[in-house]
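Here is protein_28.txt, consisting of compact mmCIF, C-alpha atoms:
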# COMPACT_ATOMS: atom_id res chain seq x y z
CA MET A 1058 -184.42 30.81 64.45
CA ASP A 1059 -181.84 31.63 67.11
CA LYS A 1060 -181.23 29.13 69.88
CA ILE A 1061 -181.19 31.11 73.11
CA LEU A 1062 -180.79 30.04 76.73
CA GLU A 1063 -182.26 32.65 79.07
CA PHE A 1064 -182.33 32.88 82.84
CA ASP A 1065 -182.81 35.41 85.61
CA PHE A 1066 -180.66 35.57 88.72
CA MET A 1067 -183.13 36.26 91.51
CA TYR A 1068 -183.01 37.61 95.06
CA TYR A 1069 -186.26 36.44 96.60
CA ASP A 1070 -188.68 37.52 93.83
CA THR A 1071 -186.58 40.38 92.47
CA VAL A 1072 -184.72 39.97 89.19
CA CYS A 1073 -181.12 41.06 89.78
CA GLU A 1074 -179.75 40.15 86.35
CA HIS A 1075 -181.22 38.75 83.14
CA VAL A 1076 -178.83 36.62 81.03
CA GLU A 1077 -179.22 35.49 77.41
CA ILE A 1078 -176.83 33.08 75.72
CA ASP A 1079 -176.85 32.54 71.97
CA LEU A 1080 -176.02 28.83 71.85
CA GLU A 1081 -174.86 28.96 68.25
CA THR A 1082 -172.32 31.75 68.69
CA MET A 1083 -171.84 31.42 72.49
CA ASN A 1084 -172.37 35.19 72.74
CA VAL A 1085 -173.49 36.19 76.24
CA GLN A 1086 -175.52 39.30 77.01
CA SER A 1087 -177.09 40.46 80.22
CA ILE A 1088 -179.07 43.26 81.76
CA VAL A 1089 -178.09 44.11 85.34
CA TYR A 1090 -180.81 45.53 87.59
CA THR A 1091 -178.76 46.09 90.76
CA ASP A 1092 -175.54 47.78 91.81
CA GLU A 1093 -174.89 45.06 94.42
CA ILE A 1094 -171.99 42.98 93.05
CA MET A 1095 -173.00 39.96 95.16
CA LEU A 1096 -176.39 39.94 93.44
CA GLN A 1097 -174.94 39.86 89.92
CA VAL A 1098 -174.04 36.88 87.76
CA PHE A 1099 -170.79 38.32 86.44
CA GLY A 1100 -169.89 41.10 88.85
CA LYS A 1101 -166.78 42.66 87.32
CA ARG A 1102 -165.89 39.58 85.26
CA PRO A 1103 -166.46 39.65 81.49
CA LYS A 1104 -169.71 38.26 80.12
CA THR A 1105 -168.39 35.03 78.61
CA ILE A 1106 -169.65 31.48 78.34
CA GLU A 1107 -166.77 30.39 80.59
CA ASN A 1108 -168.02 32.74 83.30
CA VAL A 1109 -171.58 31.42 82.91
CA HIS A 1110 -170.17 27.94 83.49
CA HIS A 1111 -168.25 29.28 86.51
CA PHE A 1112 -171.47 30.83 87.85
CA PHE A 1113 -173.38 27.54 87.50
CA ARG A 1114 -170.56 25.67 89.29
CA ASN A 1115 -170.82 28.13 92.18
CA ARG A 1116 -174.58 27.54 92.47
CA CYS A 1117 -174.31 23.77 93.06
CA PHE A 1118 -172.36 21.28 95.14
CA GLU A 1119 -168.73 20.70 94.27
CA GLU A 1120 -167.52 17.92 92.02
CA THR A 1121 -165.04 16.89 94.74
CA ASN A 1122 -167.84 16.35 97.29
CA TYR A 1123 -167.29 13.10 99.19
CA GLY A 1124 -170.90 12.02 98.61
CA LEU A 1125 -170.97 13.04 94.94
CA LYS A 1126 -172.30 9.71 93.66
CA ASP A 1127 -175.13 9.74 96.22
CA LEU A 1128 -176.01 13.38 95.49
CA LEU A 1129 -176.10 12.72 91.74
CA GLY A 1130 -178.26 9.66 92.40
CA LEU A 1131 -180.75 11.73 94.42
CA LEU A 1132 -181.01 14.12 91.47
CA GLY A 1133 -181.32 11.29 88.96
CA LEU A 1134 -178.07 12.22 87.22
CA LYS A 1135 -175.34 9.87 86.06
CA GLN A 1136 -172.53 12.41 85.80
CA TYR A 1137 -171.60 15.78 87.26
CA SER A 1138 -172.97 18.66 85.19
CA PRO A 1139 -173.42 22.06 86.86
CA TYR A 1140 -175.93 23.01 84.17
CA ASP A 1141 -178.12 19.98 84.82
CA ILE A 1142 -177.81 20.43 88.58
CA VAL A 1143 -178.96 24.07 88.49
CA ARG A 1144 -181.77 23.18 86.08
CA ILE A 1145 -183.05 20.79 88.75
CA THR A 1146 -182.26 22.79 91.90
CA HIS A 1147 -182.58 26.33 90.50
CA GLY A 1148 -179.16 26.98 91.97
CA LYS A 1149 -180.50 27.07 95.54
CA VAL A 1150 -177.72 27.28 98.09
CA ALA A 1151 -178.08 26.92 101.88
CA ASN A 1152 -178.54 30.20 103.77
CA ASP A 1153 -178.87 32.15 100.52
CA GLN A 1154 -181.98 33.82 99.13
CA CYS A 1155 -180.65 33.92 95.57
CA TRP A 1156 -181.71 31.44 92.93
CA ILE A 1157 -182.02 30.96 89.16
CA ARG A 1158 -185.30 31.18 87.25
CA PHE A 1159 -185.13 29.91 83.68
CA ALA A 1160 -187.12 31.37 80.77
CA GLY A 1161 -190.76 30.41 80.76
CA GLU A 1162 -190.95 29.67 84.48
CA LYS A 1163 -193.45 31.55 86.65
CA LEU A 1164 -191.98 30.23 89.89
CA THR A 1165 -191.77 32.44 92.98
CA TYR A 1166 -189.29 32.23 95.86
CA GLN A 1167 -191.96 30.92 98.23
CA GLU A 1168 -193.10 28.28 95.73
CA LEU A 1169 -189.51 27.22 95.09
CA TYR A 1170 -188.86 26.56 98.75
CA SER A 1171 -192.19 24.77 99.27
CA ILE A 1172 -191.79 22.20 96.46
CA PRO A 1173 -191.13 18.69 97.84
CA PHE A 1174 -187.67 17.45 96.82
CA GLU A 1175 -189.00 14.56 94.69
CA GLU A 1176 -191.26 16.93 92.74
CA GLU A 1177 -188.41 19.40 92.25
CA VAL A 1178 -186.25 16.63 90.77
CA ARG A 1179 -189.09 15.44 88.48
CA LEU A 1180 -189.77 18.98 87.23
CA GLY A 1181 -186.05 19.59 86.77
CA HIS A 1182 -185.75 16.57 84.50
CA GLU A 1183 -188.69 17.83 82.45
CA ARG A 1184 -186.88 21.17 82.01
CA ILE A 1185 -183.69 19.39 80.96
CA LYS A 1186 -185.54 17.24 78.40
CA LYS A 1187 -187.30 20.30 76.98
CA MET A 1188 -184.03 22.17 76.63
CA ASP A 1189 -182.34 19.08 75.19
CA GLY A 1190 -185.00 18.69 72.54
CA GLU A 1191 -185.50 22.33 71.64
CA VAL A 1192 -182.18 24.06 72.18
CA MET A 1193 -179.31 21.95 73.44
CA GLU A 1194 -179.15 18.98 71.07
CA PHE A 1195 -176.70 20.55 68.63
CA ARG A 1196 -174.46 21.61 71.56
CA ARG A 1197 -174.23 18.12 73.07
CA ASN A 1198 -170.55 17.76 72.16
CA GLN A 1199 -169.56 21.39 72.72
CA LEU A 1200 -166.39 21.46 74.79
CA LEU A 1201 -165.15 24.19 77.05
CA GLY A 1202 -161.46 24.97 77.39
CA LYS A 1203 -159.82 22.10 79.26
CA GLY A 1204 -162.01 19.38 77.81
CA GLN A 1205 -164.82 20.03 80.30
CA PRO A 1206 -168.23 19.70 78.67
CA LEU A 1207 -170.10 22.97 78.95
CA PHE A 1208 -173.57 21.45 79.24
CA LEU A 1209 -173.93 17.72 79.71
CA LEU A 1210 -177.34 16.42 78.73

Translate this structure into structure tokens?
Amino acid sequence: MDKILEFDFMYYDTVCEHVEIDLETMNVQSIVYTDEIMLQVFGKRPKTIENVHHFFRNRCFEETNYGLKDLLGLLGLKQYSPYDIVRITHGKVANDQCWIRFAGEKLTYQELYSIPFEEEVRLGHERIKKMDGEVMEFRRNQLLGKGQPLFLL
């Protein structure tokens, strides 16, 4: 059975791009539903695992943030991992109506923005544990380029 990570990049409740990553081969495929570059995961960049990682980094706070330790603590994380952060926050960014919906979620834009923060964090950790158990375990030590872990679980 293939190990696949799937997510949709959303604008409000409209799917802009559907992404599938084969976690064994690191092959990335996507279906783009819009011509608007700003509403696409890759834009004109190649569909690579490095660019998925870049996309996740752009959908969360920066690793150099002065309050990094406090932000990680609020999310219940011990170390900076863009993947884990977007699993918890759905990649919500201030003043932006785009977000990430992972496979199996039925969440809407309105529901996403009405979830109390504590509940969002709790549900995010459940998603991480599910992915860790079902898909990510064998990728735990997968490294990306400059020694940066691709997905830290």

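Pairwise distance (atom CA of A:Asp1079, atom CA of A:Ile1061) equals 4.7 Å.
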
Note to self: So the first atom is atom CA of A:Phe1066 and the second is atom CA of A:Cys1117; what is the distance between them in Å, to one decimal place?
What the structure shows: 14.1 Å

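Between A:Val1098 and the candidates A:Val1178, A:Leu1125, A:Met1083, A:Cys1155, the tightest atom-to-atom separation, counting all atoms listed in the file, involves A:Cys1155.
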
Checklist line | Nearest to A:Ile1145 by atom-to-atom distance, counting all atoms listed in the file, from A:Lys1186, A:Lys1163, A:Lys1126, A:His1110 | finding: A:Lys1186

Notebook entry, point to check: Hey, what's within 6 Å of A:Glu1077 if we count only C-alpha atoms and toss same-chain stuff fewer than 6 positions away? As a list in words, please?
Noted result: Leu1062, Glu1063, Val1085 and Gln1086 of chain A

Next item on the list: Tell me which of A:Lys1149, A:Arg1144, A:Val1089, A:Glu1175 sits closest to A:Asn1115, counting only C-alpha atoms.
Entry: A:Lys1149

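Pairwise distance (atom CA of A:Lys1060, atom CA of A:Gly1148) equals 22.3 Å.
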
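Considering only C-alpha atoms, the residue among A:Thr1165, A:Thr1146, A:Asn1152, A:Ser1138 positioned nearest to A:Val1072 is A:Thr1165.
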
Checklist line | Residues within 12 Å of A:Pro1103, all atoms listed in the file, excluding chain neighbours under 3 positions, as number ranges by chain | finding: A: 1084-1087, 1097-1100, 1106-1109, 1111-1112

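Of the residues listed (A:Leu1164, A:Val1150, A:Met1095, A:Asp1070), A:Val1150 shows the shortest atom-to-atom separation from A:Glu1119; distances use only C-alpha atoms.
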
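Of the residues under consideration (A:Met1067, A:Leu1128, A:Val1143, A:Leu1096), A:Met1067 shows the shortest atom-to-atom contact distance to A:Tyr1166 when counting only C-alpha atoms.
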